[in-house]
Amino acid sequence: MSAESAKVSPSGGQAMKRAAIAIGIFVVLTGLLFYFDPENLYLWAKAVHVIAVISWMAGMLYLPRLFVYHVDAEPGSVQSETFKVMERRLLRAIINPAMIITWVFGLWLAWKGFGFSGGWLHAKIAAVVALSGVHGYLAGAVRRFAEDRNTKPARHWRMINEIPTVLMIIIVILVIVKPF
């Protein structure tokens, strides 16, 4: 790790602490909403699910764009080290927690609201599994970039950037239209 990235690390710890506190507050507030308004538990769960999905998608769309720019940065440069910090923070503080919350609330909604039945729901879950696979691929890329081992060109990351968009479109159509 270079001297420049060492200077960035202490603030990284603070950012992670703030993210953990924010997630904790979110969980407590969600619990309070469930406690004080149990009749609308399903609606609150749906709201939390949509908020988490938006956060997850924002990160999934932004991370490959960071990779596009990171590819052009000289390994070990200040710019490269800055991208490493940004990628790691985005993954750990936003994308990972948002995916977990999306899955937890989404599975509960699928069970409570639909009893896991319906072709559209099965297709949606399959698309979310695929999105989770892309998430895993991007998480591996964060590790490779952090170790200066990326071998993919910017064009690859531009193409990968389209996959979450396509999956999001499919998922939204399945949820709203319920075509089958």
# chains A, B, ... in the order shown; residues from 1 in each chain; ligands from 1
$ residues_around --residues "A:Val134" --least-positions-apart "2" --cutoff "10 Å" --atoms "only C-alpha atoms" --output "compact mmCIF listing (two decimals) with N, CA, C and O atoms, in the first residue's frame"
# COMPACT_ATOMS: atom_id res chain seq x y z
N MET A 60 -24.85 -0.94 -8.02
CA MET A 60 -24.54 -1.88 -9.09
C MET A 60 -24.32 -1.16 -10.43
O MET A 60 -23.61 -1.66 -11.29
N VAL A 128 -33.36 -12.00 -9.92
CA VAL A 128 -32.65 -11.46 -8.76
C VAL A 128 -31.45 -12.35 -8.41
O VAL A 128 -30.41 -11.85 -8.00
N VAL A 129 -31.59 -13.65 -8.59
CA VAL A 129 -30.44 -14.55 -8.41
C VAL A 129 -29.35 -14.19 -9.41
O VAL A 129 -28.16 -14.12 -9.06
N ALA A 130 -29.73 -13.93 -10.65
CA ALA A 130 -28.75 -13.52 -11.67
C ALA A 130 -28.09 -12.20 -11.28
O ALA A 130 -26.87 -12.04 -11.41
N LEU A 131 -28.88 -11.25 -10.79
CA LEU A 131 -28.33 -9.96 -10.34
C LEU A 131 -27.36 -10.18 -9.18
O LEU A 131 -26.31 -9.53 -9.10
N SER A 132 -27.69 -11.10 -8.30
CA SER A 132 -26.79 -11.43 -7.19
C SER A 132 -25.49 -12.05 -7.70
O SER A 132 -24.42 -11.81 -7.14
N GLY A 136 -21.73 -10.69 -7.13
CA GLY A 136 -20.56 -11.47 -6.75
C GLY A 136 -19.39 -11.26 -7.69
O GLY A 136 -18.23 -11.16 -7.26
N TYR A 137 -19.67 -11.19 -8.98
CA TYR A 137 -18.62 -10.94 -9.97
C TYR A 137 -17.97 -9.58 -9.73
O TYR A 137 -16.74 -9.46 -9.76
N LEU A 138 -18.79 -8.56 -9.46
CA LEU A 138 -18.26 -7.23 -9.20
C LEU A 138 -17.46 -7.19 -7.89
O LEU A 138 -16.43 -6.51 -7.80
N ALA A 139 -17.92 -7.93 -6.88
CA ALA A 139 -17.18 -7.99 -5.61
C ALA A 139 -15.80 -8.61 -5.84
O ALA A 139 -14.80 -8.14 -5.28
N GLY A 140 -15.73 -9.65 -6.67
CA GLY A 140 -14.44 -10.24 -7.01
C GLY A 140 -13.55 -9.25 -7.75
O GLY A 140 -12.34 -9.20 -7.54
N ILE A 160 -20.31 -4.91 -19.01
CA ILE A 160 -20.82 -5.45 -17.74
C ILE A 160 -21.79 -4.46 -17.10
O ILE A 160 -22.78 -4.86 -16.48
N ASN A 161 -21.54 -3.19 -17.28
CA ASN A 161 -22.39 -2.14 -16.71
C ASN A 161 -23.83 -2.24 -17.22
O ASN A 161 -24.75 -1.79 -16.55
N ILE A 163 -25.53 -5.10 -17.81
CA ILE A 163 -26.23 -6.29 -17.30
C ILE A 163 -27.18 -5.93 -16.15
O ILE A 163 -28.35 -6.35 -16.18
N PRO A 164 -26.75 -5.18 -15.12
CA PRO A 164 -27.72 -4.83 -14.07
C PRO A 164 -28.91 -4.03 -14.61
O PRO A 164 -30.04 -4.21 -14.13
N LEU A 167 -31.31 -6.54 -16.27
CA LEU A 167 -31.98 -7.33 -15.23
C LEU A 167 -33.00 -6.48 -14.48
O LEU A 167 -34.09 -6.96 -14.17
$ residues_around --residues "A:Leu121" --least-positions-apart "6" --cutoff "9 Å" --atoms "only C-alpha atoms" --output "list in words"
Ala110, Phe114, Leu174, Val175, Lys178 and Phe180 of chain A
$ atom_distance --atom1 "atom CA of A:Gly59" --atom2 "atom CA of A:Ile95"
5.4 Å
$ residues_around --residues "A:Met57" --least-positions-apart "5" --cutoff "9 Å" --atoms "only C-alpha atoms" --output "list in words"
Ala52, Tyr62, Ile95, Ala98, Met99, Pro164, Thr165 and Met168 of chain A
$ write_last_selection --atoms "all heavy atoms" --output "CSV table (one decimal), in the first residue's frame"
chain,number,residue,atom,x,y,z
A,52,ALA,N,-34.3,-0.5,-0.4
A,52,ALA,CA,-33.1,-1.3,-0.6
A,52,ALA,C,-32.7,-1.6,-2.0
A,52,ALA,O,-31.6,-1.6,-2.4
A,52,ALA,CB,-33.2,-2.6,0.3
A,62,TYR,N,-23.1,2.1,-10.6
A,62,TYR,CA,-22.0,2.9,-10.4
A,62,TYR,C,-20.7,2.2,-10.3
A,62,TYR,O,-19.7,2.7,-10.9
A,62,TYR,CB,-22.2,3.8,-9.1
A,62,TYR,CG,-21.1,4.8,-8.9
A,62,TYR,CD1,-20.7,5.7,-9.9
A,62,TYR,CD2,-20.5,5.0,-7.7
A,62,TYR,CE1,-19.8,6.7,-9.7
A,62,TYR,CE2,-19.6,6.0,-7.5
A,62,TYR,CZ,-19.2,6.8,-8.5
A,62,TYR,OH,-18.2,7.8,-8.3
A,95,ILE,N,-23.6,-1.4,-1.4
A,95,ILE,CA,-24.1,-2.5,-2.2
A,95,ILE,C,-24.4,-3.7,-1.4
A,95,ILE,O,-25.5,-4.3,-1.5
A,95,ILE,CB,-23.1,-2.8,-3.3
A,95,ILE,CG1,-22.9,-1.5,-4.2
A,95,ILE,CG2,-23.6,-3.9,-4.2
A,95,ILE,CD1,-21.9,-1.7,-5.3
A,98,ALA,N,-27.4,-3.3,1.1
A,98,ALA,CA,-28.6,-3.1,0.3
A,98,ALA,C,-29.1,-4.4,-0.3
A,98,ALA,O,-30.3,-4.7,-0.3
A,98,ALA,CB,-28.4,-2.1,-0.8
A,99,MET,N,-28.1,-5.2,-0.8
A,99,MET,CA,-28.5,-6.5,-1.3
A,99,MET,C,-29.1,-7.4,-0.2
A,99,MET,O,-30.1,-8.1,-0.4
A,99,MET,CB,-27.3,-7.3,-1.9
A,99,MET,CG,-27.7,-8.6,-2.5
A,99,MET,SD,-26.3,-9.6,-3.0
A,99,MET,CE,-25.7,-10.2,-1.4
A,164,PRO,N,-26.8,-5.2,-15.1
A,164,PRO,CA,-27.7,-4.8,-14.1
A,164,PRO,C,-28.9,-4.0,-14.6
A,164,PRO,O,-30.0,-4.2,-14.1
A,164,PRO,CB,-26.9,-4.0,-13.1
A,164,PRO,CG,-25.5,-4.4,-13.3
A,164,PRO,CD,-25.4,-4.7,-14.8
A,165,THR,N,-28.7,-3.2,-15.6
A,165,THR,CA,-29.8,-2.4,-16.2
A,165,THR,C,-30.8,-3.3,-16.8
A,165,THR,O,-32.0,-3.2,-16.6
A,165,THR,CB,-29.2,-1.4,-17.2
A,165,THR,OG1,-28.2,-0.6,-16.6
A,165,THR,CG2,-30.3,-0.6,-17.8
A,168,MET,N,-32.7,-5.2,-14.2
A,168,MET,CA,-33.6,-4.3,-13.5
A,168,MET,C,-34.9,-4.2,-14.3
A,168,MET,O,-36.0,-4.2,-13.8
A,168,MET,CB,-33.0,-3.0,-13.2
A,168,MET,CG,-33.9,-2.0,-12.6
A,168,MET,SD,-33.2,-0.3,-12.5
A,168,MET,CE,-33.0,0.1,-14.2
$ closest_residue --among "A:Ile170, A:Leu41, A:Ile21, A:Val48" --to "A:Ala126" --atoms "only C-alpha atoms"
A:Ile170
$ atom_distance --atom1 "atom CA of A:Pro179" --atom2 "atom CA of A:Ala123"
10.3 Å
$ atom_distance --atom1 "atom CA of A:Ile54" --atom2 "atom CA of A:Val142"
20.9 Å
$ closest_residue --among "A:Leu43, A:Gly119, A:Ala127, A:Ile100" --to "A:Val166" --atoms "only C-alpha atoms"
A:Ala127
$ closest_residue --among "A:Ser77, A:Thr102, A:Asn150, A:Asn96" --to "A:His135" --atoms "only C-alpha atoms"
A:Asn96
$ closest_residue --among "A:Asp148, A:Ser55, A:Arg155, A:Val172" --to "A:Ile94" --atoms "only C-alpha atoms"
A:Ser55
$ residues_around --residues "stretch 65-74 of chain A" --least-positions-apart "2" --cutoff "12 Å" --atoms "only C-alpha atoms" --output "MDAnalysis selection string"
chainID A and resid 58:63 76:91 138:139 141:146 148:162
$ write_last_selection --atoms "N, CA and C atoms" --output "short mmCIF file (atom, residue, chain, number, x, y, z; two decimals), in the first residue's frame"
data_model
loop_
_atom_site.label_atom_id
_atom_site.label_comp_id
_atom_site.auth_asym_id
_atom_site.auth_seq_id
_atom_site.Cartn_x
_atom_site.Cartn_y
_atom_site.Cartn_z
N ALA A 58 -28.38 1.43 -7.50
CA ALA A 58 -27.50 2.60 -7.66
C ALA A 58 -26.04 2.17 -7.58
N GLY A 59 -25.72 1.34 -6.59
CA GLY A 59 -24.35 0.85 -6.46
C GLY A 59 -23.93 -0.06 -7.59
N MET A 60 -24.85 -0.94 -8.02
CA MET A 60 -24.54 -1.88 -9.09
C MET A 60 -24.32 -1.16 -10.43
N LEU A 61 -24.95 -0.02 -10.60
CA LEU A 61 -24.76 0.75 -11.82
C LEU A 61 -23.50 1.63 -11.75
N TYR A 62 -23.14 2.05 -10.56
CA TYR A 62 -22.00 2.95 -10.39
C TYR A 62 -20.66 2.20 -10.35
N LEU A 63 -20.63 1.04 -9.70
CA LEU A 63 -19.36 0.33 -9.52
C LEU A 63 -18.66 -0.01 -10.84
N GLY A 76 -0.80 1.90 -8.46
CA GLY A 76 0.00 2.55 -7.43
C GLY A 76 -0.10 4.06 -7.42
N SER A 77 -0.72 4.64 -8.44
CA SER A 77 -0.86 6.10 -8.48
C SER A 77 -1.89 6.56 -7.46
N VAL A 78 -1.87 7.83 -7.17
CA VAL A 78 -2.86 8.42 -6.25
C VAL A 78 -4.26 8.16 -6.78
N GLN A 79 -4.43 8.33 -8.09
CA GLN A 79 -5.74 8.12 -8.69
C GLN A 79 -6.20 6.66 -8.52
N SER A 80 -5.32 5.71 -8.75
CA SER A 80 -5.65 4.30 -8.60
C SER A 80 -6.01 3.98 -7.15
N GLU A 81 -5.24 4.49 -6.22
CA GLU A 81 -5.51 4.25 -4.81
C GLU A 81 -6.84 4.87 -4.39
N THR A 82 -7.17 6.02 -4.95
CA THR A 82 -8.46 6.66 -4.65
C THR A 82 -9.60 5.80 -5.18
N PHE A 83 -9.46 5.28 -6.39
CA PHE A 83 -10.50 4.40 -6.93
C PHE A 83 -10.67 3.16 -6.06
N LYS A 84 -9.59 2.61 -5.56
CA LYS A 84 -9.67 1.43 -4.69
C LYS A 84 -10.51 1.73 -3.45
N VAL A 85 -10.27 2.88 -2.84
CA VAL A 85 -11.04 3.27 -1.65
C VAL A 85 -12.51 3.45 -2.02
N MET A 86 -12.78 4.14 -3.11
CA MET A 86 -14.16 4.38 -3.53
C MET A 86 -14.89 3.06 -3.81
N GLU A 87 -14.23 2.15 -4.51
CA GLU A 87 -14.84 0.87 -4.86
C GLU A 87 -15.13 0.04 -3.60
N ARG A 88 -14.15 0.00 -2.71
CA ARG A 88 -14.32 -0.78 -1.48
C ARG A 88 -15.46 -0.22 -0.63
N ARG A 89 -15.50 1.09 -0.45
CA ARG A 89 -16.54 1.71 0.35
C ARG A 89 -17.92 1.52 -0.27
N LEU A 90 -18.00 1.68 -1.57
CA LEU A 90 -19.28 1.50 -2.26
C LEU A 90 -19.79 0.08 -2.06
N LEU A 91 -18.91 -0.89 -2.22
CA LEU A 91 -19.31 -2.29 -2.07
C LEU A 91 -19.72 -2.60 -0.63
N LEU A 138 -18.79 -8.56 -9.46
CA LEU A 138 -18.26 -7.23 -9.20
C LEU A 138 -17.46 -7.19 -7.89
N ALA A 139 -17.92 -7.93 -6.88
CA ALA A 139 -17.18 -7.99 -5.61
C ALA A 139 -15.80 -8.61 -5.84
N ALA A 141 -14.17 -8.45 -8.61
CA ALA A 141 -13.40 -7.44 -9.36
C ALA A 141 -12.84 -6.38 -8.42
N VAL A 142 -13.60 -6.01 -7.39
CA VAL A 142 -13.09 -5.05 -6.41
C VAL A 142 -11.81 -5.60 -5.77
N ARG A 143 -11.83 -6.88 -5.43
CA ARG A 143 -10.63 -7.50 -4.85
C ARG A 143 -9.46 -7.49 -5.84
N ARG A 144 -9.75 -7.84 -7.09
CA ARG A 144 -8.67 -7.86 -8.10
C ARG A 144 -8.10 -6.46 -8.34
N PHE A 145 -8.97 -5.46 -8.41
CA PHE A 145 -8.48 -4.08 -8.58
C PHE A 145 -7.65 -3.67 -7.36
N ALA A 146 -8.10 -4.05 -6.16
CA ALA A 146 -7.37 -3.69 -4.93
C ALA A 146 -5.97 -4.29 -4.93
N ASP A 148 -4.29 -4.83 -7.70
CA ASP A 148 -3.71 -4.44 -9.00
C ASP A 148 -3.59 -5.63 -9.95
N ARG A 149 -4.62 -6.49 -9.93
CA ARG A 149 -4.62 -7.68 -10.78
C ARG A 149 -5.72 -7.67 -11.84
N ASN A 150 -6.34 -6.54 -12.10
CA ASN A 150 -7.36 -6.49 -13.13
C ASN A 150 -6.75 -6.73 -14.50
N THR A 151 -7.37 -7.61 -15.27
CA THR A 151 -6.88 -7.87 -16.63
C THR A 151 -7.90 -7.48 -17.69
N LYS A 152 -9.04 -6.98 -17.26
CA LYS A 152 -10.12 -6.64 -18.20
C LYS A 152 -9.99 -5.20 -18.68
N PRO A 153 -10.27 -4.97 -19.96
CA PRO A 153 -10.20 -3.59 -20.49
C PRO A 153 -11.46 -2.80 -20.11
N ALA A 154 -11.40 -1.50 -20.33
CA ALA A 154 -12.53 -0.63 -20.03
C ALA A 154 -13.78 -1.07 -20.80
N ARG A 155 -13.60 -1.54 -22.02
CA ARG A 155 -14.75 -1.99 -22.82
C ARG A 155 -15.52 -3.11 -22.12
N HIS A 156 -14.80 -4.03 -21.50
CA HIS A 156 -15.44 -5.11 -20.75
C HIS A 156 -16.34 -4.54 -19.65
N TRP A 157 -15.83 -3.57 -18.90
CA TRP A 157 -16.60 -3.01 -17.79
C TRP A 157 -17.77 -2.18 -18.29
N ARG A 158 -17.63 -1.57 -19.47
CA ARG A 158 -18.78 -0.86 -20.06
C ARG A 158 -19.89 -1.85 -20.41
N MET A 159 -19.51 -3.01 -20.93
CA MET A 159 -20.52 -4.02 -21.27
C MET A 159 -21.13 -4.62 -20.01
N ILE A 160 -20.31 -4.91 -19.01
CA ILE A 160 -20.82 -5.45 -17.74
C ILE A 160 -21.79 -4.46 -17.10
N ASN A 161 -21.54 -3.19 -17.28
CA ASN A 161 -22.39 -2.14 -16.71
C ASN A 161 -23.83 -2.24 -17.22
N GLU A 162 -24.04 -2.84 -18.39
CA GLU A 162 -25.39 -2.95 -18.95
C GLU A 162 -26.19 -4.10 -18.35
#
$ select_by_dssp --residues "chain A" --states "alpha helix (DSSP H)" --output "PyMOL selection string"
chain A and resi 3-36+41-71+78-89+96-114+119-146+154-160+162-177
$ closest_residue --among "A:Gly13, A:Ala22, A:Ile101, A:Tyr42" --to "A:Trp56" --atoms "only C-alpha atoms"
A:Ile101
$ closest_residue --among "A:Leu32, A:Pro75, A:Val104, A:Lys17" --to "A:Val50" --atoms "only C-alpha atoms"
A:Val104
$ decode --residues "stretch 145-173 of chain A" --atoms "N, CA and C atoms" --output "PDB file, in the first residue's frame"
ATOM      1  N   PHE A 145      -8.974  -5.458  -8.412  1.00  0.00           N
ATOM      2  CA  PHE A 145      -8.475  -4.085  -8.576  1.00  0.00           C
ATOM      3  C   PHE A 145      -7.651  -3.674  -7.357  1.00  0.00           C
ATOM      4  N   ALA A 146      -8.099  -4.055  -6.163  1.00  0.00           N
ATOM      5  CA  ALA A 146      -7.374  -3.691  -4.935  1.00  0.00           C
ATOM      6  C   ALA A 146      -5.969  -4.291  -4.927  1.00  0.00           C
ATOM      7  N   GLU A 147      -5.816  -5.448  -5.560  1.00  0.00           N
ATOM      8  CA  GLU A 147      -4.516  -6.123  -5.637  1.00  0.00           C
ATOM      9  C   GLU A 147      -3.772  -5.787  -6.933  1.00  0.00           C
ATOM     10  N   ASP A 148      -4.288  -4.829  -7.703  1.00  0.00           N
ATOM     11  CA  ASP A 148      -3.707  -4.441  -9.001  1.00  0.00           C
ATOM     12  C   ASP A 148      -3.595  -5.631  -9.945  1.00  0.00           C
ATOM     13  N   ARG A 149      -4.622  -6.488  -9.932  1.00  0.00           N
ATOM     14  CA  ARG A 149      -4.620  -7.679 -10.781  1.00  0.00           C
ATOM     15  C   ARG A 149      -5.722  -7.668 -11.836  1.00  0.00           C
ATOM     16  N   ASN A 150      -6.339  -6.537 -12.096  1.00  0.00           N
ATOM     17  CA  ASN A 150      -7.363  -6.490 -13.128  1.00  0.00           C
ATOM     18  C   ASN A 150      -6.748  -6.731 -14.500  1.00  0.00           C
ATOM     19  N   THR A 151      -7.371  -7.607 -15.273  1.00  0.00           N
ATOM     20  CA  THR A 151      -6.880  -7.873 -16.630  1.00  0.00           C
ATOM     21  C   THR A 151      -7.904  -7.479 -17.687  1.00  0.00           C
ATOM     22  N   LYS A 152      -9.043  -6.975 -17.264  1.00  0.00           N
ATOM     23  CA  LYS A 152     -10.124  -6.644 -18.196  1.00  0.00           C
ATOM     24  C   LYS A 152      -9.988  -5.196 -18.681  1.00  0.00           C
ATOM     25  N   PRO A 153     -10.270  -4.965 -19.961  1.00  0.00           N
ATOM     26  CA  PRO A 153     -10.203  -3.593 -20.490  1.00  0.00           C
ATOM     27  C   PRO A 153     -11.458  -2.796 -20.113  1.00  0.00           C
ATOM     28  N   ALA A 154     -11.396  -1.505 -20.331  1.00  0.00           N
ATOM     29  CA  ALA A 154     -12.533  -0.629 -20.035  1.00  0.00           C
ATOM     30  C   ALA A 154     -13.780  -1.066 -20.798  1.00  0.00           C
ATOM     31  N   ARG A 155     -13.604  -1.541 -22.019  1.00  0.00           N
ATOM     32  CA  ARG A 155     -14.751  -1.992 -22.821  1.00  0.00           C
ATOM     33  C   ARG A 155     -15.518  -3.109 -22.120  1.00  0.00           C
ATOM     34  N   HIS A 156     -14.805  -4.027 -21.498  1.00  0.00           N
ATOM     35  CA  HIS A 156     -15.445  -5.114 -20.745  1.00  0.00           C
ATOM     36  C   HIS A 156     -16.344  -4.544 -19.649  1.00  0.00           C
ATOM     37  N   TRP A 157     -15.826  -3.575 -18.899  1.00  0.00           N
ATOM     38  CA  TRP A 157     -16.598  -3.008 -17.789  1.00  0.00           C
ATOM     39  C   TRP A 157     -17.772  -2.183 -18.290  1.00  0.00           C
ATOM     40  N   ARG A 158     -17.634  -1.572 -19.466  1.00  0.00           N
ATOM     41  CA  ARG A 158     -18.779  -0.861 -20.065  1.00  0.00           C
ATOM     42  C   ARG A 158     -19.893  -1.849 -20.410  1.00  0.00           C
ATOM     43  N   MET A 159     -19.510  -3.005 -20.927  1.00  0.00           N
ATOM     44  CA  MET A 159     -20.516  -4.023 -21.272  1.00  0.00           C
ATOM     45  C   MET A 159     -21.127  -4.622 -20.005  1.00  0.00           C
ATOM     46  N   ILE A 160     -20.313  -4.906 -19.008  1.00  0.00           N
ATOM     47  CA  ILE A 160     -20.819  -5.447 -17.739  1.00  0.00           C
ATOM     48  C   ILE A 160     -21.794  -4.459 -17.100  1.00  0.00           C
ATOM     49  N   ASN A 161     -21.536  -3.186 -17.284  1.00  0.00           N
ATOM     50  CA  ASN A 161     -22.392  -2.143 -16.713  1.00  0.00           C
ATOM     51  C   ASN A 161     -23.833  -2.238 -17.221  1.00  0.00           C
ATOM     52  N   GLU A 162     -24.039  -2.842 -18.386  1.00  0.00           N
ATOM     53  CA  GLU A 162     -25.385  -2.946 -18.951  1.00  0.00           C
ATOM     54  C   GLU A 162     -26.187  -4.098 -18.348  1.00  0.00           C
ATOM     55  N   ILE A 163     -25.528  -5.101 -17.813  1.00  0.00           N
ATOM     56  CA  ILE A 163     -26.229  -6.285 -17.297  1.00  0.00           C
ATOM     57  C   ILE A 163     -27.179  -5.935 -16.153  1.00  0.00           C
ATOM     58  N   PRO A 164     -26.752  -5.177 -15.122  1.00  0.00           N
ATOM     59  CA  PRO A 164     -27.717  -4.829 -14.074  1.00  0.00           C
ATOM     60  C   PRO A 164     -28.911  -4.032 -14.610  1.00  0.00           C
ATOM     61  N   THR A 165     -28.672  -3.196 -15.607  1.00  0.00           N
ATOM     62  CA  THR A 165     -29.761  -2.415 -16.194  1.00  0.00           C
ATOM     63  C   THR A 165     -30.793  -3.329 -16.847  1.00  0.00           C
ATOM     64  N   VAL A 166     -30.330  -4.279 -17.639  1.00  0.00           N
ATOM     65  CA  VAL A 166     -31.236  -5.217 -18.310  1.00  0.00           C
ATOM     66  C   VAL A 166     -32.003  -6.044 -17.279  1.00  0.00           C
ATOM     67  N   LEU A 167     -31.305  -6.542 -16.271  1.00  0.00           N
ATOM     68  CA  LEU A 167     -31.977  -7.330 -15.231  1.00  0.00           C
ATOM     69  C   LEU A 167     -33.000  -6.484 -14.477  1.00  0.00           C
ATOM     70  N   MET A 168     -32.666  -5.230 -14.190  1.00  0.00           N
ATOM     71  CA  MET A 168     -33.607  -4.340 -13.508  1.00  0.00           C
ATOM     72  C   MET A 168     -34.866  -4.153 -14.343  1.00  0.00           C
ATOM     73  N   ILE A 169     -34.716  -3.947 -15.637  1.00  0.00           N
ATOM     74  CA  ILE A 169     -35.880  -3.773 -16.515  1.00  0.00           C
ATOM     75  C   ILE A 169     -36.753  -5.022 -16.488  1.00  0.00           C
ATOM     76  N   ILE A 170     -36.150  -6.175 -16.591  1.00  0.00           N
ATOM     77  CA  ILE A 170     -36.894  -7.439 -16.545  1.00  0.00           C
ATOM     78  C   ILE A 170     -37.641  -7.567 -15.218  1.00  0.00           C
ATOM     79  N   ILE A 171     -36.952  -7.306 -14.111  1.00  0.00           N
ATOM     80  CA  ILE A 171     -37.557  -7.433 -12.785  1.00  0.00           C
ATOM     81  C   ILE A 171     -38.732  -6.481 -12.629  1.00  0.00           C
ATOM     82  N   VAL A 172     -38.559  -5.236 -13.019  1.00  0.00           N
ATOM     83  CA  VAL A 172     -39.647  -4.252 -12.876  1.00  0.00           C
ATOM     84  C   VAL A 172     -40.857  -4.663 -13.714  1.00  0.00           C
ATOM     85  N   ILE A 173     -40.622  -5.094 -14.937  1.00  0.00           N
ATOM     86  CA  ILE A 173     -41.751  -5.533 -15.782  1.00  0.00           C
ATOM     87  C   ILE A 173     -42.466  -6.715 -15.149  1.00  0.00           C
TER      88      ILE A 173
END
